[in-house]
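Trainee: This is target21.cif, which holds mmCIF, C-alpha atoms:
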data_run
loop_
_atom_site.label_atom_id
_atom_site.label_comp_id
_atom_site.auth_asym_id
_atom_site.auth_seq_id
_atom_site.Cartn_x
_atom_site.Cartn_y
_atom_site.Cartn_z
CA ASP A 1 68.46 101.68 72.47
CA GLY A 2 66.19 103.78 74.65
CA GLY A 3 67.11 107.38 75.07
CA ILE A 4 66.50 111.02 74.34
CA THR A 5 67.27 112.44 70.91
CA GLN A 6 67.73 116.15 70.37
CA SER A 7 68.04 117.68 66.94
CA PRO A 8 69.68 119.47 65.35
CA LYS A 9 73.01 119.40 67.19
CA TYR A 10 73.82 122.92 65.96
CA LEU A 11 71.34 125.62 64.96
CA PHE A 12 71.70 129.18 63.76
CA ARG A 13 69.07 131.86 64.10
CA LYS A 14 68.67 135.06 62.16
CA GLU A 15 67.28 138.25 63.64
CA GLY A 16 63.50 138.15 64.00
CA GLN A 17 63.33 134.43 63.31
CA ASN A 18 61.64 131.73 65.37
CA VAL A 19 63.42 128.41 65.55
CA THR A 20 62.21 125.08 66.90
CA LEU A 21 64.36 122.55 68.71
CA SER A 22 63.29 118.94 68.62
CA CYS A 23 63.27 116.52 71.56
CA GLU A 24 62.08 112.93 71.25
CA GLN A 25 62.24 110.18 73.88
CA ASN A 26 61.48 106.47 73.63
CA LEU A 27 61.78 105.79 77.35
CA ASN A 28 58.01 105.95 77.91
CA HIS A 29 58.60 108.73 80.42
CA ASP A 30 55.70 110.94 81.47
CA ALA A 31 57.67 114.05 82.40
CA MET A 32 59.84 116.13 80.08
CA TYR A 33 61.90 119.28 80.60
CA TRP A 34 63.81 121.97 78.75
CA TYR A 35 66.89 123.65 80.23
CA ARG A 36 69.20 126.36 79.07
CA GLN A 37 72.92 126.23 79.88
CA ASP A 38 75.22 129.23 79.48
CA PRO A 39 79.03 128.92 79.55
CA GLY A 40 80.37 128.13 83.00
CA GLN A 41 76.92 127.97 84.53
CA GLY A 42 74.45 125.43 85.73
CA LEU A 43 71.18 124.54 84.08
CA ARG A 44 68.15 126.80 84.24
CA LEU A 45 64.66 125.45 83.71
CA ILE A 46 62.67 126.90 80.81
CA TYR A 47 59.54 124.72 80.71
CA TYR A 48 58.46 121.33 81.96
CA SER A 49 55.60 118.95 81.30
CA GLN A 50 54.26 116.28 83.63
CA ILE A 51 51.85 114.76 81.16
CA VAL A 52 50.61 115.07 77.59
CA ASN A 53 48.78 118.34 76.81
CA ASP A 54 50.05 119.95 79.98
CA PHE A 55 53.13 122.09 80.62
CA GLN A 56 54.36 124.62 83.16
CA LYS A 57 56.70 127.60 82.99
CA GLY A 58 60.08 127.27 84.59
CA ASP A 59 62.34 130.03 85.82
CA ILE A 60 63.16 131.58 82.44
CA ALA A 61 60.16 130.94 80.18
CA GLU A 62 59.99 134.40 78.59
CA GLY A 63 60.70 134.28 74.86
CA TYR A 64 60.14 130.53 74.64
CA SER A 65 57.13 128.32 73.88
CA VAL A 66 56.50 124.57 74.00
CA SER A 67 53.88 122.00 73.12
CA ARG A 68 53.24 118.47 74.36
CA GLU A 69 50.87 116.84 71.90
CA LYS A 70 52.51 113.42 72.15
CA LYS A 71 54.07 111.64 75.10
CA GLU A 72 57.36 111.11 73.31
CA SER A 73 57.81 114.63 71.93
CA PHE A 74 58.39 118.02 73.59
CA PRO A 75 59.55 120.62 71.03
CA LEU A 76 60.86 124.01 72.15
CA THR A 77 60.41 127.14 70.06
CA VAL A 78 62.82 130.00 70.63
CA THR A 79 60.90 133.08 69.51
CA SER A 80 62.18 136.42 68.29
CA ALA A 81 61.18 137.81 71.68
CA GLN A 82 64.12 135.97 73.23
CA LYS A 83 66.83 138.61 72.83
CA ASN A 84 69.75 136.54 74.02
CA PRO A 85 69.11 133.05 72.66
CA THR A 86 72.72 131.93 72.24
CA ALA A 87 73.12 128.97 74.60
CA PHE A 88 73.26 125.21 74.92
CA TYR A 89 69.74 123.78 75.18
CA LEU A 90 69.15 120.51 76.97
CA CYS A 91 66.05 118.34 77.00
CA ALA A 92 65.42 115.79 79.74
CA SER A 93 62.78 113.29 80.77
CA SER A 94 61.87 111.34 83.89
CA ILE A 95 59.54 108.47 84.70
CA GLY A 96 57.11 110.52 86.72
CA GLN A 97 56.58 112.16 90.10
CA VAL A 98 58.13 115.26 88.64
CA GLY A 99 61.19 116.41 90.52
CA ARG A 100 61.75 113.26 92.57
CA GLN A 101 63.06 110.91 89.95
CA PRO A 102 66.37 111.24 88.13
CA GLN A 103 66.10 113.18 84.94
CA HIS A 104 67.84 111.74 81.90
CA PHE A 105 69.27 114.14 79.36
CA GLY A 106 69.80 114.32 75.63
CA ASP A 107 73.06 115.59 74.16
CA GLY A 108 71.80 119.09 73.55
CA THR A 109 71.37 121.63 70.77
CA ARG A 110 73.77 124.54 70.52
CA LEU A 111 71.97 127.65 69.27
CA SER A 112 73.86 130.62 67.90
CA ILE A 113 72.89 133.93 66.32
CA LEU A 114 73.93 134.74 62.77
CA GLY B 115 66.12 131.62 98.76
CA GLU B 116 66.45 128.26 97.05
CA SER B 117 69.93 127.84 95.74
CA VAL B 118 72.55 125.20 95.27
CA GLY B 119 76.18 126.14 95.21
CA LEU B 120 79.57 124.52 95.12
CA HIS B 121 82.50 125.35 97.36
CA LEU B 122 85.19 124.65 94.77
CA PRO B 123 84.84 125.46 91.09
CA THR B 124 87.88 123.35 90.10
CA LEU B 125 89.50 120.23 91.46
CA SER B 126 92.69 118.61 90.16
CA VAL B 127 93.72 115.14 91.30
CA GLN B 128 96.16 112.44 90.32
CA GLU B 129 94.95 109.23 88.78
CA GLY B 130 94.19 106.71 91.50
CA ASP B 131 93.46 109.29 94.17
CA ASN B 132 90.04 109.68 95.73
CA SER B 133 88.09 112.82 94.80
CA ILE B 134 85.60 114.71 96.91
CA ILE B 135 83.28 117.27 95.33
CA ASN B 136 81.22 119.42 97.67
CA CYS B 137 77.89 121.16 97.37
CA ALA B 138 75.97 123.44 99.72
CA TYR B 139 72.25 123.98 99.59
CA SER B 140 70.20 126.64 101.30
CA ASN B 141 66.66 125.25 101.40
CA SER B 142 66.07 122.99 104.39
CA ALA B 143 62.87 121.76 102.70
CA SER B 144 64.84 120.10 99.91
CA ASP B 145 64.23 116.37 100.03
CA TYR B 146 65.88 114.96 96.91
CA PHE B 147 69.38 115.45 95.53
CA ILE B 148 71.16 114.28 92.39
CA TRP B 149 74.73 114.31 91.12
CA TYR B 150 75.41 114.59 87.39
CA LYS B 151 78.54 114.35 85.28
CA GLN B 152 78.81 116.42 82.12
CA GLU B 153 81.49 115.93 79.50
CA SER B 154 82.26 118.61 76.97
CA GLY B 155 79.55 119.02 74.33
CA LYS B 156 77.27 116.43 75.89
CA GLY B 157 74.26 116.35 78.15
CA PRO B 158 74.55 115.65 81.89
CA GLN B 159 74.80 111.99 82.82
CA PHE B 160 73.09 110.75 85.98
CA ILE B 161 75.55 109.46 88.57
CA ILE B 162 73.68 108.92 91.82
CA ASP B 163 70.78 110.33 93.82
CA ILE B 164 69.79 110.45 97.47
CA ARG B 165 66.64 111.26 99.38
CA SER B 166 66.59 113.26 102.57
CA ASN B 167 65.71 110.24 104.70
CA MET B 168 69.20 108.87 104.00
CA ASP B 169 72.68 110.07 105.02
CA LYS B 170 74.72 108.00 102.62
CA ARG B 171 74.30 106.10 99.42
CA GLN B 172 76.88 104.11 97.48
CA GLY B 173 77.19 103.27 93.83
CA GLN B 174 79.96 101.90 91.70
CA ARG B 175 83.11 103.81 92.83
CA VAL B 176 80.90 106.69 94.01
CA THR B 177 79.41 107.62 97.35
CA VAL B 178 77.07 110.50 98.11
CA LEU B 179 76.91 111.88 101.63
CA LEU B 180 74.14 114.13 102.87
CA ASN B 181 74.47 116.23 106.00
CA LYS B 182 71.11 117.87 106.62
CA THR B 183 72.32 119.65 109.75
CA VAL B 184 74.67 121.86 107.79
CA LYS B 185 72.86 121.49 104.44
CA HIS B 186 75.84 119.93 102.73
CA LEU B 187 76.14 117.30 100.02
CA SER B 188 79.30 115.61 98.78
CA LEU B 189 80.26 113.21 96.02
CA GLN B 190 83.19 110.92 96.63
CA ILE B 191 84.83 109.18 93.69
CA ALA B 192 87.16 106.33 94.55
CA ALA B 193 90.30 105.59 92.54
CA THR B 194 89.71 108.49 90.17
CA GLN B 195 90.49 107.79 86.53
CA PRO B 196 91.22 110.13 83.59
CA GLY B 197 87.77 109.26 82.22
CA ASP B 198 86.26 110.87 85.31
CA SER B 199 87.45 114.28 84.11
CA ALA B 200 84.30 116.35 83.55
CA VAL B 201 82.07 118.96 85.14
CA TYR B 202 80.07 117.66 88.08
CA PHE B 203 76.75 119.22 89.08
CA CYS B 204 74.63 118.76 92.13
CA ALA B 205 70.90 119.45 91.95
CA GLU B 206 68.14 119.63 94.52
CA ASN B 207 64.40 119.40 94.55
CA ALA B 208 62.88 121.66 97.13
CA GLY B 209 59.31 120.39 97.03
CA GLY B 210 56.50 122.66 98.16
CA THR B 211 55.83 125.45 95.68
CA SER B 212 58.94 124.33 93.82
CA TYR B 213 57.55 120.86 93.30
CA GLY B 214 58.64 119.66 89.91
CA LYS B 215 61.79 121.72 89.66
CA LEU B 216 65.39 120.77 90.09
CA THR B 217 67.76 123.59 91.01
CA PHE B 218 71.30 123.05 89.70
CA GLY B 219 74.57 124.30 91.08
CA GLN B 220 77.17 125.97 88.89
CA GLY B 221 79.34 122.89 88.64
CA THR B 222 82.85 121.77 89.63
CA ILE B 223 85.45 121.00 87.01
CA LEU B 224 87.30 117.80 87.89
CA THR B 225 90.62 117.24 86.13
CA VAL B 226 92.38 113.92 86.59
CA HIS B 227 96.09 113.83 85.74
CA PRO B 228 97.62 110.53 84.59
#
Rewrite the structure of this file - the entire thing - as structure tokens.
Mentor:
Amino acid sequence: DGGITQSPKYLFRKEGQNVTLSCEQNLNHDAMYWYRQDPGQGLRLIYYSQIVNDFQKGDIAEGYSVSREKKESFPLTVTSAQKNPTAFYLCASSIGQVGRQPQHFGDGTRLSIL
Amino acid sequence: GESVGLHLPTLSVQEGDNSIINCAYSNSASDYFIWYKQESGKGPQFIIDIRSNMDKRQGQRVTVLLNKTVKHLSLQIAATQPGDSAVYFCAENAGGTSYGKLTFGQGTILTVHP
């Protein structure tokens, strides 16, 4: 089945540690996105990518980094500079024309601090 | 500024009733809107979208209404079922300098009682 796969489902980070969240899609979508969701809140955009080897900062990019070396993959690294990383992280993709096509989401990675 | 908000954070209905979830937006330049359903521990699921050149769009048991005069969006769910219980988010794309970004509301919790 086509879809978006996020892994791991749960992740724990130690102080000073960088962690990388995986996002893979087999929908042949050009655009991919990373969001952060905090309890009782909507989604906030971290980074997005319209095409391979290109990405743009979203509203809350500080403390995060991404790469887009392959069309199907858009990993997110939560660096030690992100002081409040505990959240639910969601990856999404869309066909193209970024922002004017429905985005389809994975089932998220829940990141916690040890 | 660009923001999307919901009038009611919670909505409780009886099974079989119709549900109406409301959303206000502040940016008159927004030209694309989406409704998502999110169940606990999962990613948002696309329900329906609408472009600003339309006032109404219907799907299976759902209807989205757009009133550009008062910058208001609503999602109507017919014959609500217990499986419809979830958090519902509206999102807008404002275009212009925000091209490529969806802004999400905080969400409305819909609870359907058998």
Trainee: Residues of chain B within 7 Å of chain A, counting all atoms listed in the file - could you list those as an mmCIF file with C-alpha atoms, in the frame of the given file?
Mentor:
data_model
loop_
_atom_site.group_PDB
_atom_site.id
_atom_site.type_symbol
_atom_site.label_atom_id
_atom_site.label_comp_id
_atom_site.auth_asym_id
_atom_site.auth_seq_id
_atom_site.Cartn_x
_atom_site.Cartn_y
_atom_site.Cartn_z
ATOM 1 C CA TYR B 146 65.880 114.960 96.910
ATOM 2 C CA LYS B 156 77.270 116.430 75.890
ATOM 3 C CA GLY B 157 74.260 116.350 78.150
ATOM 4 C CA PRO B 158 74.550 115.650 81.890
ATOM 5 C CA GLN B 159 74.800 111.990 82.820
ATOM 6 C CA PHE B 160 73.090 110.750 85.980
ATOM 7 C CA ASN B 207 64.400 119.400 94.550
ATOM 8 C CA TYR B 213 57.550 120.860 93.300
ATOM 9 C CA GLY B 214 58.640 119.660 89.910
ATOM 10 C CA LYS B 215 61.790 121.720 89.660
ATOM 11 C CA LEU B 216 65.390 120.770 90.090
ATOM 12 C CA PHE B 218 71.300 123.050 89.700
ATOM 13 C CA GLY B 219 74.570 124.300 91.080
ATOM 14 C CA GLN B 220 77.170 125.970 88.890
ATOM 15 C CA GLY B 221 79.340 122.890 88.640
#
Trainee: For a test of reading the model, state the distance in Å between atom CA of Tyr64 of chain A and atom CA of Tyr10 of chain A, rounded to one decimal.
Mentor: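 Going from atom CA of Tyr64 of chain A over to atom CA of Tyr10 of chain A covers 17.9 Å.
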Trainee: Counting only C-alpha atoms, which residues have an atom no more than 12 Å from (74.7, 104.4, 93.0) in the file's coordinates? Please list them as a list of chain:residue names.
Mentor: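 The residues that fall inside the cut-off are A:Pro102, B:Ile148, B:Trp149, B:Tyr150, B:Phe160, B:Ile161, B:Ile162, B:Asp163, B:Ile164, B:Lys170, B:Arg171, B:Gln172, B:Gly173, B:Gln174, B:Arg175, B:Val176, B:Thr177, B:Val178, B:Leu179, B:Leu189, B:Gln190, B:Ile191.
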Trainee: So, counting only C-alpha atoms, which residue among B:Leu180, B:Cys137, B:Leu125, B:Met168 is closest to Phe203 of chain B?
Mentor: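 Smallest separation from Phe203 of chain B among the options: B:Cys137.
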Trainee: Find the residue from B:Ile223, B:Pro228, B:Ser140, B:Ile134 that sits nearest to Ser199 of chain B; use only C-alpha atoms when measuring.
Mentor: B:Ile223
Trainee: With all atoms listed in the file as the counted atoms, please give the residues lying no more than 8 Å from Gly130 of chain B, apart from itself and same-chain residues fewer than 2 positions off, as a ChimeraX atom specification.
Mentor: /B:128,132,192-195
Trainee: Dump C-alpha atoms for the selected residues as a PDB file, in the coordinates of the input?
Mentor:
ATOM      1  CA  GLN B 128      96.160 112.440  90.320  1.00  0.00           C
ATOM      2  CA  ASN B 132      90.040 109.680  95.730  1.00  0.00           C
ATOM      3  CA  ALA B 192      87.160 106.330  94.550  1.00  0.00           C
ATOM      4  CA  ALA B 193      90.300 105.590  92.540  1.00  0.00           C
ATOM      5  CA  THR B 194      89.710 108.490  90.170  1.00  0.00           C
ATOM      6  CA  GLN B 195      90.490 107.790  86.530  1.00  0.00           C
TER       7      GLN B 195
END
Trainee: If you apply the PyMOL selection byres ((chain B and resi 227) around 8) to this file, what residues do you get, as a PyMOL selection string?
Mentor: chain B and resi 126-129+196+225-226+228
Trainee: Can you tell me, as a compact mmCIF listing (two decimals) with C-alpha atoms, keeping the file's coordinate frame, which residues sit within 10 Å of (70.3, 128.7, 62.4) in the file's frame, using all atoms listed in the file?
Mentor:
# COMPACT_ATOMS: atom_id res chain seq x y z
CA PRO A 8 69.68 119.47 65.35
CA TYR A 10 73.82 122.92 65.96
CA LEU A 11 71.34 125.62 64.96
CA PHE A 12 71.70 129.18 63.76
CA ARG A 13 69.07 131.86 64.10
CA LYS A 14 68.67 135.06 62.16
CA GLN A 17 63.33 134.43 63.31
CA ASN A 18 61.64 131.73 65.37
CA VAL A 19 63.42 128.41 65.55
CA THR A 20 62.21 125.08 66.90
CA ARG A 110 73.77 124.54 70.52
CA LEU A 111 71.97 127.65 69.27
CA SER A 112 73.86 130.62 67.90
CA ILE A 113 72.89 133.93 66.32
CA LEU A 114 73.93 134.74 62.77
Trainee: Assuming 8 Å of padding per side, give the centre and edge lengths of the axis-aligned box around every listed atom of segment 154-164 of chain B, in Å to one decimal and as AutoDock Vina command-line options.
Mentor:
--center_x 76.0 --center_y 114.0 --center_z 85.9 --size_x 28.5 --size_y 26.1 --size_z 39.1
Trainee: Which one of B:Glu206, B:Asp198, B:Glu153, B:Asp145 sits closest to Asn167 of chain B if you count only C-alpha atoms?
Mentor: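 So, comparing all the options, the nearest one is B:Asp145.
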